[in-house]
Amino acid sequence: MIGRLKAHAVRTAEVSSGDVQGRGGGRGTASAARGAPPPAAESVPVEALQTSGGPRTGGEDAEHVQLLAALHTQLPPIVVHRPTMRVIDGAHRLRAALLRGDDHIMVRYFDGAEGDAFVLAVQLNSEHGLPLSLSDRKAAAVRIVASHPQWSDRRIAEVVGLAANTVGAVRQRSTAQNEQPNASIGRDGRVRPRNGAEGRLRAGELMRANPEASLREIARLAGISAATASDVRARLNRGEPLVTPQQRQAVARESPPGAMARRSFRPDGPASDVLLVSLSKDPSLRLTMAGKILLRALRVCSVDADGWARIVEAVPPHRQEVVARLARECATAWQCLADRLSERTGESSTEAG
């Protein structure tokens with residue numbers, strides 16, 4: 001047992017020395033400073049340090065503390081968050097020093113943000129020493145989702161030692177879910193839309209509103225790649241759903257009960273989208289004032305179910321009756337237009353016969 005603890009002390013020294021400089025960038029806080037010279041250790045009074053707020057919700061293991069205190073070798077420096085003087089890594093070593101009666105302990109400081117300090121604490125405790133329990137890792141995931149909402153599920157999963165789908169479930173249950181950004185930063189540092197379906201739908205709306213816009217511009221505005229924008233345009237022209245079956249399934253899993261009823265992925269094919277694109281390319285409409293007015297009105301009405309839900313929520317209670325009245329008048333006007341066009345179509349058929 002003593003031999004294993006000595007080996008653990010060596011591993012702790014190596015990990016702590018190489019990782020204290022991390023600031024939360026790159027692929028993770030701890031790995032940001034691989035190869036960088038470690039900060040100098042300082043002797044700090046043990047009474048100046050705090051152990052609250054760490055990733056171990058149950059506190060330190062008393063037996064492990066006693067075994068560390070029994071070692072006759074000097075323990076590696078602990079890692080401390082300088083702004084708060086909280087122990088990031090080395091709570092067991094601090095307890096062992098107190099048990100020995102030491103009044104000072106060697107410390108290496110971390111000067112980053114408090115949220116990054118917690119991430120570093122989770123990483124260091126995962127890489128050496130006593131492993132975190134499953135409940136501790138899930139609790140850590142909740143905290144990191146709240147403090148680093150821009151991080152992808154995979155990136156957080158790598159830090160806490162959980163599966164990415166488990167972190168995704170934690171994110172969905174988080175009280176900060178509504179504050180989660182639409183894009184996330186992955187383990188490679190690249191920014192990607194968190195919900196690929198939303199980006200595709202947004203791109204479809206942009207293409208309907210401005211059929212002549214370039215794929216590069218659509219991709220930039222929708223927050224998707226140019227390749228995805230190209231696929232959306234191809235699907236739109238073929239009359240296929242803009243969202244892939246896998247994405248629809250993912251959204252169904254992530255959405256709260258009843259949310260899918262407000263979404264419109266048009267599983268049978270967005271025929272109206274294709275017709276609108278075709279009309280927009282017709283010079284007899286696109287190059288005349290009356291045609292431009294018609295196309296503009298049709299684009300305004302080309303809103304999916306989720307868009308209409310957002311519009312309904314945006315109407316203040318004291319204006320609901322007025323908006324409802326005007327909406328009915330607009331519906332009547334559109335019906336009159338449809339009837340008159342149908343009459344003209346019938347007349348044209350009769351003359352042709």
# chains A, B, ... in the order shown; residues from 1 in each chain; ligands from 1

call {"tool": "residues_around", "arguments": {"residues": "segment 107-113 of chain A", "least_positions_apart": "6", "cutoff": "7 Å", "atoms": "only C-alpha atoms", "output": "list in words"}}
result
Val20, Gln21, Arg23, Pro39, Ala40, Ala41, Glu42, Ser43, Val44, Pro77, Ile78, Val79, Val80, His81, Arg82 and Pro83 of chain A

call {"tool": "residues_around", "arguments": {"residues": "segment 160-173 of chain A", "least_positions_apart": "3", "cutoff": "8 Å", "atoms": "only C-alpha atoms", "output": "list in words"}}
result
Val122, Gln123, Ser126, Arg137, Lys138, Ala140, Ala141, Val142, Val145, Asp153, Arg154, Ile156, Ala157, Gln177 and Glu254 of chain A

call {"tool": "closest_residue", "arguments": {"among": "A:Gly53, A:Ser152, A:Asp282, A:Ile88", "to": "Leu120 of chain A", "atoms": "only C-alpha atoms"}}
result
A:Ile88

call {"tool": "closest_residue", "arguments": {"among": "A:Ala62, A:Leu94, A:Leu71, A:Val87", "to": "Val46 of chain A", "atoms": "only C-alpha atoms"}}
result
A:Leu94
